[in-house]
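Chemist: Below is the file data25.pdb, with PDB, C-alpha atoms, pLDDT in the B column.
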```pdb
MODEL        1
ATOM      1  CA  MET Z  10       7.429  21.543 -27.784  1.00 40.00           C
ATOM      2  CA  SER Z  11       5.493  18.553 -26.473  1.00 47.00           C
ATOM      3  CA  ALA Z  12       3.801  15.947 -28.608  1.00 51.00           C
ATOM      4  CA  ASN Z  13       0.039  16.135 -28.874  1.00 60.00           C
ATOM      5  CA  VAL Z  14      -0.670  12.536 -27.894  1.00 57.00           C
ATOM      6  CA  PRO Z  15      -3.778  11.146 -26.251  1.00 56.00           C
ATOM      7  CA  ILE Z  16      -3.465  10.162 -22.611  1.00 61.00           C
ATOM      8  CA  VAL Z  17      -6.073   7.953 -21.001  1.00 61.00           C
ATOM      9  CA  ARG Z  18      -6.406   7.698 -17.248  1.00 70.00           C
ATOM     10  CA  THR Z  19      -9.300   5.581 -16.069  1.00 82.00           C
ATOM     11  CA  ALA Z  20      -9.811   4.955 -12.382  1.00 88.00           C
ATOM     12  CA  SER Z  21     -10.912   1.878 -10.510  1.00 91.00           C
ATOM     13  CA  TRP Z  22     -13.614   2.765  -8.018  1.00 94.00           C
ATOM     14  CA  LEU Z  23     -12.616  -0.155  -5.813  1.00 95.00           C
ATOM     15  CA  ALA Z  24      -9.064   1.251  -5.715  1.00 96.00           C
ATOM     16  CA  VAL Z  25     -10.449   4.705  -4.843  1.00 96.00           C
ATOM     17  CA  ILE Z  26     -12.314   3.167  -1.903  1.00 97.00           C
ATOM     18  CA  VAL Z  27      -9.162   1.317  -0.755  1.00 97.00           C
ATOM     19  CA  ILE Z  28      -7.115   4.533  -0.944  1.00 97.00           C
ATOM     20  CA  ILE Z  29      -9.733   6.468   1.042  1.00 97.00           C
ATOM     21  CA  PHE Z  30      -9.726   3.676   3.624  1.00 97.00           C
ATOM     22  CA  VAL Z  31      -5.916   3.883   3.927  1.00 97.00           C
ATOM     23  CA  TRP Z  32      -6.213   7.670   4.286  1.00 97.00           C
ATOM     24  CA  ILE Z  33      -8.759   7.222   7.090  1.00 97.00           C
ATOM     25  CA  ILE Z  34      -6.393   4.780   8.823  1.00 96.00           C
ATOM     26  CA  PHE Z  35      -3.600   7.377   8.608  1.00 95.00           C
ATOM     27  CA  MET Z  36      -5.872  10.020  10.118  1.00 96.00           C
ATOM     28  CA  ALA Z  37      -7.020   7.644  12.869  1.00 96.00           C
ATOM     29  CA  ILE Z  38      -3.478   6.640  13.848  1.00 95.00           C
ATOM     30  CA  PHE Z  39      -2.229  10.226  13.956  1.00 95.00           C
ATOM     31  CA  THR Z  40      -5.358  11.423  15.766  1.00 95.00           C
ATOM     32  CA  PHE Z  41      -4.663   8.783  18.413  1.00 95.00           C
ATOM     33  CA  LEU Z  42      -1.068  10.016  18.685  1.00 94.00           C
ATOM     34  CA  PHE Z  43      -1.604  13.798  18.419  1.00 91.00           C
ATOM     35  CA  GLN Z  44      -5.306  14.315  19.259  1.00 90.00           C
ATOM     36  CA  ILE Z  45      -7.151  16.852  17.057  1.00 87.00           C
ATOM     37  CA  ASP Z  46      -4.052  17.935  15.093  1.00 91.00           C
ATOM     38  CA  GLY Z  47      -3.547  14.302  14.113  1.00 91.00           C
ATOM     39  CA  ILE Z  48      -6.190  14.566  11.387  1.00 94.00           C
ATOM     40  CA  TYR Z  49      -4.136  17.228   9.637  1.00 95.00           C
ATOM     41  CA  ILE Z  50      -0.802  15.530  10.268  1.00 95.00           C
ATOM     42  CA  GLY Z  51      -2.144  12.169   9.057  1.00 95.00           C
ATOM     43  CA  SER Z  52      -3.647  13.737   5.927  1.00 96.00           C
ATOM     44  CA  ILE Z  53      -0.501  15.657   5.049  1.00 96.00           C
ATOM     45  CA  LEU Z  54       1.748  12.626   5.581  1.00 96.00           C
ATOM     46  CA  PHE Z  55      -0.646  10.428   3.589  1.00 97.00           C
ATOM     47  CA  PHE Z  56      -0.557  12.759   0.586  1.00 97.00           C
ATOM     48  CA  ILE Z  57       3.219  13.160   0.805  1.00 97.00           C
ATOM     49  CA  LEU Z  58       3.562   9.363   0.858  1.00 97.00           C
ATOM     50  CA  MET Z  59       1.158   9.034  -2.081  1.00 97.00           C
ATOM     51  CA  VAL Z  60       3.120  11.505  -4.205  1.00 96.00           C
ATOM     52  CA  LEU Z  61       6.455   9.900  -3.295  1.00 97.00           C
ATOM     53  CA  LEU Z  62       5.257   6.371  -4.107  1.00 97.00           C
ATOM     54  CA  GLN Z  63       3.774   7.439  -7.435  1.00 95.00           C
ATOM     55  CA  ARG Z  64       6.938   9.330  -8.402  1.00 95.00           C
ATOM     56  CA  LEU Z  65       9.679   7.026  -7.115  1.00 95.00           C
ATOM     57  CA  ILE Z  66       8.473   3.526  -7.999  1.00 95.00           C
ATOM     58  CA  PRO Z  67       7.284   3.812 -11.635  1.00 96.00           C
ATOM     59  CA  THR Z  68      10.239   6.007 -12.655  1.00 96.00           C
ATOM     60  CA  SER Z  69      10.799   4.310 -16.014  1.00 97.00           C
ATOM     61  CA  LEU Z  70       7.142   4.773 -16.953  1.00 96.00           C
ATOM     62  CA  ILE Z  71       7.317   8.454 -16.021  1.00 96.00           C
ATOM     63  CA  LYS Z  72      10.560   8.949 -17.977  1.00 97.00           C
ATOM     64  CA  GLY Z  73       8.985   7.193 -20.965  1.00 97.00           C
ATOM     65  CA  MET Z  74       5.989   9.536 -20.881  1.00 95.00           C
ATOM     66  CA  LYS Z  75       8.341  12.536 -20.736  1.00 96.00           C
ATOM     67  CA  ALA Z  76      10.241  11.162 -23.750  1.00 97.00           C
ATOM     68  CA  ILE Z  77       6.975  10.782 -25.683  1.00 95.00           C
ATOM     69  CA  LYS Z  78       6.108  14.404 -24.939  1.00 94.00           C
ATOM     70  CA  LYS Z  79       9.477  15.338 -26.478  1.00 95.00           C
ATOM     71  CA  ASN Z  80       8.759  13.127 -29.535  1.00 94.00           C
ATOM     72  CA  ASP Z  81      11.738  10.928 -28.579  1.00 96.00           C
ATOM     73  CA  PHE Z  82      10.024   7.607 -29.226  1.00 96.00           C
ATOM     74  CA  LYS Z  83      13.240   5.537 -29.348  1.00 96.00           C
ATOM     75  CA  ALA Z  84      14.221   6.646 -25.840  1.00 97.00           C
ATOM     76  CA  ALA Z  85      10.650   6.145 -24.667  1.00 97.00           C
ATOM     77  CA  LEU Z  86      10.768   2.548 -25.895  1.00 97.00           C
ATOM     78  CA  GLU Z  87      13.787   1.849 -23.701  1.00 97.00           C
ATOM     79  CA  PHE Z  88      12.091   3.348 -20.632  1.00 98.00           C
ATOM     80  CA  PHE Z  89       8.839   1.451 -21.227  1.00 98.00           C
ATOM     81  CA  ASN Z  90      10.771  -1.778 -21.704  1.00 97.00           C
ATOM     82  CA  LYS Z  91      12.439  -1.210 -18.310  1.00 98.00           C
ATOM     83  CA  SER Z  92       9.026  -0.508 -16.824  1.00 98.00           C
ATOM     84  CA  VAL Z  93       7.600  -3.748 -18.242  1.00 98.00           C
ATOM     85  CA  ASP Z  94      10.587  -5.648 -16.835  1.00 98.00           C
ATOM     86  CA  PHE Z  95      10.155  -4.070 -13.389  1.00 98.00           C
ATOM     87  CA  PHE Z  96       6.419  -4.700 -13.154  1.00 97.00           C
ATOM     88  CA  THR Z  97       6.859  -8.230 -14.497  1.00 97.00           C
ATOM     89  CA  GLN Z  98       9.502  -8.999 -11.866  1.00 98.00           C
ATOM     90  CA  TYR Z  99       7.549  -7.303  -9.076  1.00 97.00           C
ATOM     91  CA  ASP Z 100       4.032  -8.127 -10.250  1.00 97.00           C
ATOM     92  CA  TRP Z 101       2.682  -7.891  -6.684  1.00 97.00           C
ATOM     93  CA  VAL Z 102       3.481  -4.155  -6.638  1.00 97.00           C
ATOM     94  CA  ASP Z 103       1.314  -3.729  -9.727  1.00 97.00           C
ATOM     95  CA  LYS Z 104      -1.410  -6.138  -8.617  1.00 97.00           C
ATOM     96  CA  TYR Z 105      -1.895  -4.331  -5.297  1.00 97.00           C
ATOM     97  CA  ARG Z 106      -1.153  -0.829  -6.639  1.00 97.00           C
ATOM     98  CA  ALA Z 107      -4.028   0.695  -4.653  1.00 96.00           C
ATOM     99  CA  ILE Z 108      -2.011  -0.072  -1.509  1.00 96.00           C
ATOM    100  CA  THR Z 109       1.616  -0.255  -2.718  1.00 96.00           C
ATOM    101  CA  LEU Z 110       1.463   2.870  -4.901  1.00 96.00           C
ATOM    102  CA  LEU Z 111      -1.729   4.465  -3.575  1.00 96.00           C
ATOM    103  CA  SER Z 112      -2.803   4.527  -7.204  1.00 96.00           C
ATOM    104  CA  ALA Z 113      -6.404   4.337  -8.411  1.00 95.00           C
ATOM    105  CA  ALA Z 114      -5.348   3.445 -11.955  1.00 94.00           C
ATOM    106  CA  LYS Z 115      -7.680   0.894 -13.484  1.00 93.00           C
ATOM    107  CA  MET Z 116      -5.060  -0.289 -15.958  1.00 94.00           C
ATOM    108  CA  SER Z 117      -2.002  -2.017 -14.516  1.00 95.00           C
ATOM    109  CA  TYR Z 118       1.341  -0.269 -14.870  1.00 96.00           C
ATOM    110  CA  ARG Z 119       2.682  -3.182 -16.917  1.00 97.00           C
ATOM    111  CA  GLU Z 120      -0.302  -2.944 -19.257  1.00 96.00           C
ATOM    112  CA  MET Z 121       0.199   0.833 -19.566  1.00 95.00           C
ATOM    113  CA  SER Z 122       3.861   0.314 -20.409  1.00 97.00           C
ATOM    114  CA  LEU Z 123       3.062  -2.288 -23.079  1.00 97.00           C
ATOM    115  CA  CYS Z 124       0.448  -0.003 -24.678  1.00 95.00           C
ATOM    116  CA  ASN Z 125       2.914   2.870 -24.653  1.00 96.00           C
ATOM    117  CA  MET Z 126       5.582   0.666 -26.265  1.00 97.00           C
ATOM    118  CA  ALA Z 127       3.159  -0.308 -29.038  1.00 96.00           C
ATOM    119  CA  PHE Z 128       2.274   3.352 -29.528  1.00 95.00           C
ATOM    120  CA  CYS Z 129       5.979   4.214 -29.840  1.00 96.00           C
ATOM    121  CA  TYR Z 130       6.436   1.475 -32.440  1.00 95.00           C
ATOM    122  CA  SER Z 131       3.574   2.945 -34.444  1.00 91.00           C
ATOM    123  CA  GLN Z 132       5.185   6.391 -34.238  1.00 92.00           C
ATOM    124  CA  THR Z 133       8.551   5.061 -35.467  1.00 93.00           C
ATOM    125  CA  ASN Z 134       6.977   3.406 -38.524  1.00 89.00           C
ATOM    126  CA  GLU Z 135       7.346  -0.080 -37.075  1.00 92.00           C
ATOM    127  CA  ALA Z 136       3.720  -1.023 -37.666  1.00 88.00           C
ATOM    128  CA  GLU Z 137       4.381  -4.767 -37.629  1.00 91.00           C
ATOM    129  CA  LYS Z 138       6.012  -4.589 -34.187  1.00 95.00           C
ATOM    130  CA  ALA Z 139       3.138  -2.417 -32.963  1.00 94.00           C
ATOM    131  CA  LYS Z 140       0.611  -4.872 -34.365  1.00 93.00           C
ATOM    132  CA  ASP Z 141       2.346  -7.858 -32.747  1.00 95.00           C
ATOM    133  CA  LEU Z 142       2.547  -6.083 -29.405  1.00 96.00           C
ATOM    134  CA  TYR Z 143      -1.119  -5.014 -29.501  1.00 95.00           C
ATOM    135  CA  GLU Z 144      -2.039  -8.639 -30.228  1.00 95.00           C
ATOM    136  CA  GLN Z 145       0.080  -9.769 -27.254  1.00 96.00           C
ATOM    137  CA  ILE Z 146      -1.623  -7.157 -25.063  1.00 96.00           C
ATOM    138  CA  LEU Z 147      -5.049  -8.431 -26.084  1.00 96.00           C
ATOM    139  CA  LYS Z 148      -4.032 -11.994 -25.216  1.00 97.00           C
ATOM    140  CA  GLU Z 149      -2.914 -10.938 -21.745  1.00 96.00           C
ATOM    141  CA  TYR Z 150      -5.530  -8.219 -21.194  1.00 95.00           C
ATOM    142  CA  PRO Z 151      -8.585  -9.064 -23.347  1.00 95.00           C
ATOM    143  CA  ASP Z 152     -10.550  -5.996 -22.174  1.00 92.00           C
ATOM    144  CA  ASN Z 153      -7.883  -3.490 -23.231  1.00 93.00           C
ATOM    145  CA  GLY Z 154      -9.732  -0.988 -25.406  1.00 90.00           C
ATOM    146  CA  ILE Z 155      -6.586   0.878 -26.416  1.00 91.00           C
ATOM    147  CA  ALA Z 156      -5.029  -2.255 -27.923  1.00 92.00           C
ATOM    148  CA  TYR Z 157      -8.310  -3.297 -29.548  1.00 92.00           C
ATOM    149  CA  TYR Z 158      -8.956   0.014 -31.313  1.00 90.00           C
ATOM    150  CA  SER Z 159      -5.302   0.597 -32.174  1.00 89.00           C
ATOM    151  CA  LEU Z 160      -5.053  -2.859 -33.722  1.00 90.00           C
ATOM    152  CA  ASN Z 161      -8.215  -2.194 -35.721  1.00 87.00           C
ATOM    153  CA  SER Z 162      -6.702   1.071 -36.974  1.00 86.00           C
ATOM    154  CA  ILE Z 163      -3.480  -0.626 -38.016  1.00 84.00           C
ATOM    155  CA  ASN Z 164      -5.409  -3.353 -39.813  1.00 81.00           C
ATOM    156  CA  THR Z 165      -7.657  -0.800 -41.548  1.00 81.00           C
ATOM    157  CA  PHE Z 166      -4.752   1.325 -42.756  1.00 73.00           C
ATOM    158  CA  SER Z 167      -2.728  -1.680 -43.874  1.00 66.00           C
ATOM    159  CA  LYS Z 168      -5.715  -2.891 -45.979  1.00 63.00           C
ATOM    160  CA  LYS Z 169      -6.054   0.553 -47.584  1.00 58.00           C
ATOM    161  CA  SER Z 170      -2.378   0.618 -48.576  1.00 55.00           C
ATOM    162  CA  ASP Z 171      -2.614  -2.828 -50.258  1.00 52.00           C
TER
ENDMDL
END
```
Could you quickly redo this structure as structure tokens?

Modeler:
Amino acid sequence: MSANVPIVRTASWLAVIVIIFVWIIFMAIFTFLFQIDGIYIGSILFFILMVLLQRLIPTSLIKGMKAIKKNDFKAALEFFNKSVDFFTQYDWVDKYRAITLLSAAKMSYREMSLCNMAFCYSQTNEAEKAKDLYEQILKEYPDNGIAYYSLNSINTFSKKSD
């Protein structure tokens, strides 16, 4: 049975435009090589590449999400920590994710991983760790609504229990 957890996926319109542009380039190259069939070949190869990039590069993030769905928050924490490490080390992959991952995600993969880690802490009754991590997220990503509202919830519930 999977956990009933909220999942937010906002898209960057600029990234959508970049991805469409890359798709058009694929179609143009393969049309040049294979004439009229090149449009289909280019499109198919583009979408295969997109799926492969989005499945093979952020593997720890994907495994963490699967662990959350199984309510295995401790395992999810380990996967999200690996994801944060990867996208910290290779920040250019995350920064240019519209090209490197063909991803239209508005939120960076590192930011997603940090939010998911904080969520896991809150689910394992480690509210102080969750609070600290949400505060760190807001320092690095001041417009992060997930961290803002989650931190407000933690603060509200901790005041009620006092």

Chemist: Got a sec: who's within 9 Å of Phe82 of chain Z, counting all atoms listed in the file, leaving out chain neighbours fewer than 6 positions off, as a PyMOL selection string?

Modeler: chain Z and resi 73+76+126+128-130+132-133

Chemist: Using C-alpha atoms, can you export the residues from the last selection as an mmCIF file, in the coordinates of the input?

Modeler:
```
data_model
loop_
_atom_site.group_PDB
_atom_site.id
_atom_site.type_symbol
_atom_site.label_atom_id
_atom_site.label_comp_id
_atom_site.auth_asym_id
_atom_site.auth_seq_id
_atom_site.Cartn_x
_atom_site.Cartn_y
_atom_site.Cartn_z
ATOM 1 C CA GLY Z 73 8.985 7.193 -20.965
ATOM 2 C CA ALA Z 76 10.241 11.162 -23.750
ATOM 3 C CA MET Z 126 5.582 0.666 -26.265
ATOM 4 C CA PHE Z 128 2.274 3.352 -29.528
ATOM 5 C CA CYS Z 129 5.979 4.214 -29.840
ATOM 6 C CA TYR Z 130 6.436 1.475 -32.440
ATOM 7 C CA GLN Z 132 5.185 6.391 -34.238
ATOM 8 C CA THR Z 133 8.551 5.061 -35.467
#
```

Chemist: Expand the PyMOL selection byres ((chain Z and resi 109-124) around 8) into the individual residues it matches in the shown file, reporting them as a PyMOL selection string.

Modeler: chain Z and resi 18-22+24-25+28+59+62-63+66-67+70+89-90+92-93+96-97+102-108+125-128+142-143+146+150+155-156

Chemist: Using atom CA of Ile163 of chain Z and atom CA of Lys75 of chain Z as the two end points, give the distance in Å to one decimal.

Modeler: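 It comes out at 24.7 Å.
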
Chemist: What is the atom CA of Ile71 of chain Z-atom CA of Phe88 of chain Z distance in Å, reported with one decimal?

Modeler: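 Taking atom CA of Ile71 of chain Z and atom CA of Phe88 of chain Z, their separation equals 8.4 Å.
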
Chemist: Could you check which of Z:Thr40, Z:Asn161, Z:Asn134, Z:Gln145 is closest to Lys83 of chain Z, using all atoms listed in the file?

Modeler: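 Nearest to Lys83 of chain Z: Z:Asn134.
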
Chemist: Quick check, in Å to one decimal: how far apart do atom CA of Ile77 of chain Z and atom CA of Arg64 of chain Z lie?

Modeler: 17.3 Å
